[in-house]
file my_file-v3.pdb (PDB, C-alpha atoms, pLDDT in the B column)
ATOM      1  CA  MET G  66     119.150 108.269 107.068  1.00 64.00           C
ATOM      2  CA  VAL G  67     115.527 108.170 105.962  1.00 72.00           C
ATOM      3  CA  GLN G  68     112.991 106.798 108.415  1.00 86.00           C
ATOM      4  CA  VAL G  69     110.421 104.463 106.875  1.00 90.00           C
ATOM      5  CA  GLN G  70     106.912 103.535 107.991  1.00 90.00           C
ATOM      6  CA  VAL G  71     104.942 100.421 107.135  1.00 92.00           C
ATOM      7  CA  VAL G  72     101.403 101.370 106.128  1.00 91.00           C
ATOM      8  CA  ARG G  73      98.551  98.883 106.073  1.00 93.00           C
ATOM      9  CA  ARG G  74      95.437 100.024 104.232  1.00 92.00           C
ATOM     10  CA  THR G  75      92.317  97.865 104.055  1.00 92.00           C
ATOM     11  CA  LYS G  76      90.013  99.856 101.757  1.00 89.00           C
ATOM     12  CA  PRO G  77      89.236  99.594  98.871  1.00 91.00           C
ATOM     13  CA  ARG G  78      91.415  96.453  98.957  1.00 93.00           C
ATOM     14  CA  PRO G  79      93.978  95.257 101.505  1.00 94.00           C
ATOM     15  CA  ILE G  80      97.460  96.540 100.724  1.00 94.00           C
ATOM     16  CA  THR G  81     100.678  97.051 102.682  1.00 94.00           C
ATOM     17  CA  PHE G  82     103.399  99.433 101.560  1.00 92.00           C
ATOM     18  CA  TYR G  83     106.350 101.444 102.817  1.00 92.00           C
ATOM     19  CA  ARG G  84     106.610 105.235 102.853  1.00 90.00           C
ATOM     20  CA  ALA G  85     108.920 107.882 104.189  1.00 90.00           C
ATOM     21  CA  ALA G  86     107.909 108.933 107.684  1.00 89.00           C
ATOM     22  CA  PRO G  87     106.343 112.415 107.832  1.00 88.00           C
ATOM     23  CA  TYR G  88     108.556 115.339 108.798  1.00 87.00           C
ATOM     24  CA  THR G  89     106.181 116.284 111.638  1.00 87.00           C
ATOM     25  CA  ILE G  90     107.105 113.168 113.624  1.00 87.00           C
ATOM     26  CA  TRP G  91     110.306 114.866 114.750  1.00 87.00           C
ATOM     27  CA  HIS G  92     109.316 118.488 114.145  1.00 90.00           C
ATOM     28  CA  PRO G  93     105.641 118.878 115.116  1.00 90.00           C
ATOM     29  CA  THR G  94     103.782 122.050 114.269  1.00 88.00           C
ATOM     30  CA  GLU G  95     102.715 124.429 117.012  1.00 88.00           C
ATOM     31  CA  ALA G  96      99.118 123.215 116.756  1.00 90.00           C
ATOM     32  CA  GLN G  97     100.201 119.569 117.112  1.00 92.00           C
ATOM     33  CA  ILE G  98     102.209 120.398 120.228  1.00 93.00           C
ATOM     34  CA  LYS G  99      99.242 122.216 121.789  1.00 94.00           C
ATOM     35  CA  MET G 100      96.848 119.391 120.984  1.00 94.00           C
ATOM     36  CA  ARG G 101      99.209 116.762 122.401  1.00 95.00           C
ATOM     37  CA  ARG G 102      99.492 118.739 125.646  1.00 95.00           C
ATOM     38  CA  LEU G 103      95.720 119.112 125.842  1.00 95.00           C
ATOM     39  CA  MET G 104      95.239 115.377 125.282  1.00 96.00           C
ATOM     40  CA  ALA G 105      97.773 114.620 128.014  1.00 96.00           C
ATOM     41  CA  GLN G 106      95.976 116.923 130.466  1.00 96.00           C
ATOM     42  CA  VAL G 107      92.619 115.259 129.815  1.00 96.00           C
ATOM     43  CA  ALA G 108      94.130 111.759 130.021  1.00 96.00           C
ATOM     44  CA  LYS G 109      95.836 112.628 133.309  1.00 96.00           C
ATOM     45  CA  LYS G 110      92.469 113.642 134.757  1.00 95.00           C
ATOM     46  CA  TYR G 111      91.190 110.081 134.246  1.00 95.00           C
ATOM     47  CA  LYS G 112      94.387 108.320 135.340  1.00 95.00           C
ATOM     48  CA  GLY G 113      93.755 104.978 137.016  1.00 94.00           C
ATOM     49  CA  LEU G 114      90.539 104.030 135.210  1.00 94.00           C
ATOM     50  CA  LYS G 115      90.636 100.558 133.703  1.00 95.00           C
ATOM     51  CA  GLY G 116      88.540  98.637 131.235  1.00 95.00           C
ATOM     52  CA  PHE G 117      86.771  99.446 128.014  1.00 96.00           C
ATOM     53  CA  ASP G 118      83.957 101.842 127.188  1.00 95.00           C
ATOM     54  CA  PRO G 119      80.861  99.825 126.190  1.00 95.00           C
ATOM     55  CA  LYS G 120      79.663 102.443 123.672  1.00 94.00           C
ATOM     56  CA  THR G 121      82.848 102.838 121.634  1.00 93.00           C
ATOM     57  CA  GLY G 122      84.891  99.738 122.448  1.00 95.00           C
ATOM     58  CA  LEU G 123      87.894 101.966 123.221  1.00 95.00           C
ATOM     59  CA  PRO G 124      89.844 101.910 126.477  1.00 96.00           C
ATOM     60  CA  ILE G 125      87.986 104.131 128.980  1.00 95.00           C
ATOM     61  CA  ILE G 126      90.651 106.852 129.087  1.00 96.00           C
ATOM     62  CA  ALA G 127      90.798 107.059 125.287  1.00 96.00           C
ATOM     63  CA  ALA G 128      87.000 107.283 125.133  1.00 96.00           C
ATOM     64  CA  LYS G 129      86.982 110.118 127.698  1.00 95.00           C
ATOM     65  CA  VAL G 130      89.685 112.017 125.793  1.00 96.00           C
ATOM     66  CA  ARG G 131      87.745 111.560 122.566  1.00 96.00           C
ATOM     67  CA  GLU G 132      84.525 112.734 124.212  1.00 95.00           C
ATOM     68  CA  GLU G 133      86.034 115.834 125.839  1.00 95.00           C
ATOM     69  CA  LEU G 134      88.085 116.961 122.854  1.00 95.00           C
ATOM     70  CA  LYS G 135      85.433 116.412 120.207  1.00 95.00           C
ATOM     71  CA  GLY G 136      85.337 119.523 118.027  1.00 92.00           C
ATOM     72  CA  VAL G 137      88.183 121.287 119.868  1.00 91.00           C
ATOM     73  CA  ARG G 138      90.554 123.449 117.821  1.00 89.00           C
ATOM     74  CA  VAL G 139      93.781 124.727 119.257  1.00 87.00           C
ATOM     75  CA  THR G 140      94.610 127.348 116.624  1.00 82.00           C
ATOM     76  CA  LYS G 141      92.721 129.556 114.254  1.00 74.00           C
ATOM     77  CA  ARG G 142      92.811 128.746 110.577  1.00 70.00           C
ATOM     78  CA  ARG G 143      94.758 131.194 108.522  1.00 71.00           C
ATOM     79  CA  LYS G 144      93.251 132.437 105.320  1.00 71.00           C
ATOM     80  CA  ARG G 145      95.461 131.518 102.436  1.00 69.00           C
ATOM     81  CA  LYS G 146      96.493 134.157 100.013  1.00 76.00           C
ATOM     82  CA  LYS G 147      95.429 133.787  96.409  1.00 78.00           C
ATOM     83  CA  LEU G 148      99.049 133.609  95.302  1.00 77.00           C
ATOM     84  CA  ASP G 149      99.719 130.686  97.658  1.00 80.00           C
ATOM     85  CA  GLU G 150      96.698 128.830  96.252  1.00 79.00           C
ATOM     86  CA  ARG G 151      97.840 129.416  92.675  1.00 82.00           C
ATOM     87  CA  ILE G 152     101.377 128.264  93.418  1.00 82.00           C
ATOM     88  CA  GLU G 153     100.107 125.134  95.150  1.00 83.00           C
ATOM     89  CA  ALA G 154      97.735 124.285  92.281  1.00 83.00           C
ATOM     90  CA  GLU G 155     100.452 124.819  89.678  1.00 85.00           C
ATOM     91  CA  THR G 156     102.938 122.700  91.644  1.00 86.00           C
ATOM     92  CA  PHE G 157     100.358 119.920  91.984  1.00 83.00           C
ATOM     93  CA  LEU G 158      99.695 119.937  88.238  1.00 83.00           C
ATOM     94  CA  ARG G 159     103.413 119.825  87.499  1.00 86.00           C
ATOM     95  CA  LEU G 160     103.848 116.847  89.838  1.00 85.00           C
ATOM     96  CA  ILE G 161     101.016 114.970  88.145  1.00 86.00           C
ATOM     97  CA  SER G 162     102.517 115.700  84.735  1.00 87.00           C
ATOM     98  CA  LEU G 163     105.926 114.502  85.922  1.00 87.00           C
ATOM     99  CA  LYS G 164     104.373 111.335  87.345  1.00 87.00           C
ATOM    100  CA  TYR G 165     102.890 110.416  83.959  1.00 86.00           C
ATOM    101  CA  LYS G 166     106.131 111.223  82.144  1.00 88.00           C
ATOM    102  CA  VAL G 167     108.069 108.935  84.482  1.00 89.00           C
ATOM    103  CA  ALA G 168     105.472 106.157  84.121  1.00 88.00           C
ATOM    104  CA  ARG G 169     105.664 106.432  80.329  1.00 87.00           C
ATOM    105  CA  ALA G 170     109.468 106.319  80.390  1.00 89.00           C
ATOM    106  CA  VAL G 171     109.423 103.213  82.600  1.00 88.00           C
ATOM    107  CA  ALA G 172     106.895 101.502  80.320  1.00 87.00           C
ATOM    108  CA  LEU G 173     108.986 102.282  77.221  1.00 87.00           C
ATOM    109  CA  ALA G 174     112.126 100.961  78.927  1.00 87.00           C
ATOM    110  CA  LYS G 175     110.328  97.708  79.779  1.00 86.00           C
ATOM    111  CA  LEU G 176     109.159  97.347  76.180  1.00 85.00           C
ATOM    112  CA  ARG G 177     112.718  97.845  74.935  1.00 84.00           C
ATOM    113  CA  GLU G 178     113.917  95.248  77.455  1.00 85.00           C
ATOM    114  CA  VAL G 179     111.532  92.678  76.052  1.00 82.00           C
ATOM    115  CA  GLY G 180     112.567  93.549  72.530  1.00 80.00           C
ATOM    116  CA  LEU G 181     109.416  95.300  71.362  1.00 78.00           C
ATOM    117  CA  ARG G 182     109.507  98.655  69.673  1.00 71.00           C
ATOM    118  CA  PRO G 183     107.164 101.306  70.984  1.00 61.00           C
TER     119      PRO G 183
END

call {"tool": "encode", "arguments": {"input": "my_file-v3.pdb", "output": "structure tokens"}}
result
Amino acid sequence: MVQVQVVRRTKPRPITFYRAAPYTIWHPTEAQIKMRRLMAQVAKKYKGLKGFDPKTGLPIIAAKVREELKGVRVTKRRKRKKLDERIEAETFLRLISLKYKVARAVALAKLREVGLRP
């Protein structure tokens, strides 16, 4: 069963659409796990505070977490190998090409449906 999310985007124009939920919801990366633990530790420190922060408009605990964790990194960035970059770029180009081929095929099918010849 595929989990679906409803996404509401407001810029550049308001639009709502569905998408498959990201894999990392159920299988977070090591860095996501570490960051979630760190956020929980900071939030626990301010447990019991109520109200909103006047500067940010966020709940006080969320504002404190944001303030304390600003710029924090939990893992080092790995340098990507040249081969990985090439493979990723080639895959991206192939996906774009496939996207246009599918769009063209759909457009031609619609034209045939209407009775027009391409």

call {"tool": "resolve_selection", "arguments": {"input": "my_file-v3.pdb", "expression": "the PyMOL selection byres ((chain G and resi 110-115) around 10)", "output": "list in words"}}
result
Ala105, Gln106, Val107, Ala108, Lys109, Gly116, Phe117, Asp118, Pro124, Ile125, Ile126, Ala127, Lys129 and Val130 of chain G

call {"tool": "resolve_selection", "arguments": {"input": "my_file-v3.pdb", "expression": "the PyMOL selection byres ((chain G and resi 70) around 8)", "output": "list in words"}}
result
Gln68, Val69, Val71, Val72, Tyr83, Arg84, Ala85 and Ala86 of chain G

call {"tool": "resolve_selection", "arguments": {"input": "my_file-v3.pdb", "expression": "the PyMOL selection byres ((chain G and resi 136-144) around 7)", "output": "PyMOL selection string"}}
result
chain G and resi 96+99-100+134-135+145-146

call {"tool": "atom_distance", "arguments": {"input": "my_file-v3.pdb", "atom1": "atom CA of G:Ala172", "atom2": "atom CA of G:Leu158"}}
result
21.3 Å

call {"tool": "atom_distance", "arguments": {"input": "my_file-v3.pdb", "atom1": "atom CA of G:Arg169", "atom2": "atom CA of G:Leu181"}}
result
14.8 Å

call {"tool": "atom_distance", "arguments": {"input": "my_file-v3.pdb", "atom1": "atom CA of G:Pro87", "atom2": "atom CA of G:Lys166"}}
result
25.7 Å

call {"tool": "axis_aligned_box", "arguments": {"input": "my_file-v3.pdb", "around": "stretch 91-109 of chain G", "padding_each_side": "3 Å", "output": "AutoDock Vina command-line options"}}
result
--center_x 101.5 --center_y 118.1 --center_z 123.7 --size_x 23.7 --size_y 18.7 --size_z 25.2

call {"tool": "decode", "arguments": {"input": "my_file-v3.pdb", "residues": "stretch 113-124 of chain G", "atoms": "N, CA and C atoms", "output": "compact mmCIF listing (two decimals), in the first residue's frame"}}
result
# COMPACT_ATOMS: atom_id res chain seq x y z
N GLY G 113 7.17 23.02 29.85
CA GLY G 113 6.33 23.77 30.78
C GLY G 113 6.12 25.22 30.40
N LEU G 114 6.95 25.76 29.50
CA LEU G 114 6.75 27.15 29.08
C LEU G 114 5.52 27.23 28.19
N LYS G 115 4.77 28.31 28.34
CA LYS G 115 3.55 28.46 27.55
C LYS G 115 3.54 29.84 26.90
N GLY G 116 2.79 29.94 25.82
CA GLY G 116 2.65 31.22 25.14
C GLY G 116 3.45 31.25 23.85
N PHE G 117 3.48 32.44 23.27
CA PHE G 117 4.15 32.62 21.99
C PHE G 117 5.30 33.60 22.12
N ASP G 118 6.33 33.40 21.31
CA ASP G 118 7.48 34.29 21.28
C ASP G 118 7.09 35.54 20.50
N PRO G 119 7.28 36.74 21.07
CA PRO G 119 6.85 37.96 20.38
C PRO G 119 7.68 38.26 19.12
N LYS G 120 8.94 37.82 19.09
CA LYS G 120 9.78 38.11 17.92
C LYS G 120 9.38 37.28 16.70
N THR G 121 9.16 35.98 16.90
CA THR G 121 8.94 35.08 15.77
C THR G 121 7.47 34.70 15.56
N GLY G 122 6.67 34.81 16.60
CA GLY G 122 5.27 34.40 16.50
C GLY G 122 5.08 32.90 16.68
N LEU G 123 6.18 32.18 16.94
CA LEU G 123 6.13 30.74 17.18
C LEU G 123 5.82 30.46 18.64
N PRO G 124 5.35 29.24 18.95
CA PRO G 124 5.25 28.87 20.37
C PRO G 124 6.64 29.00 21.01
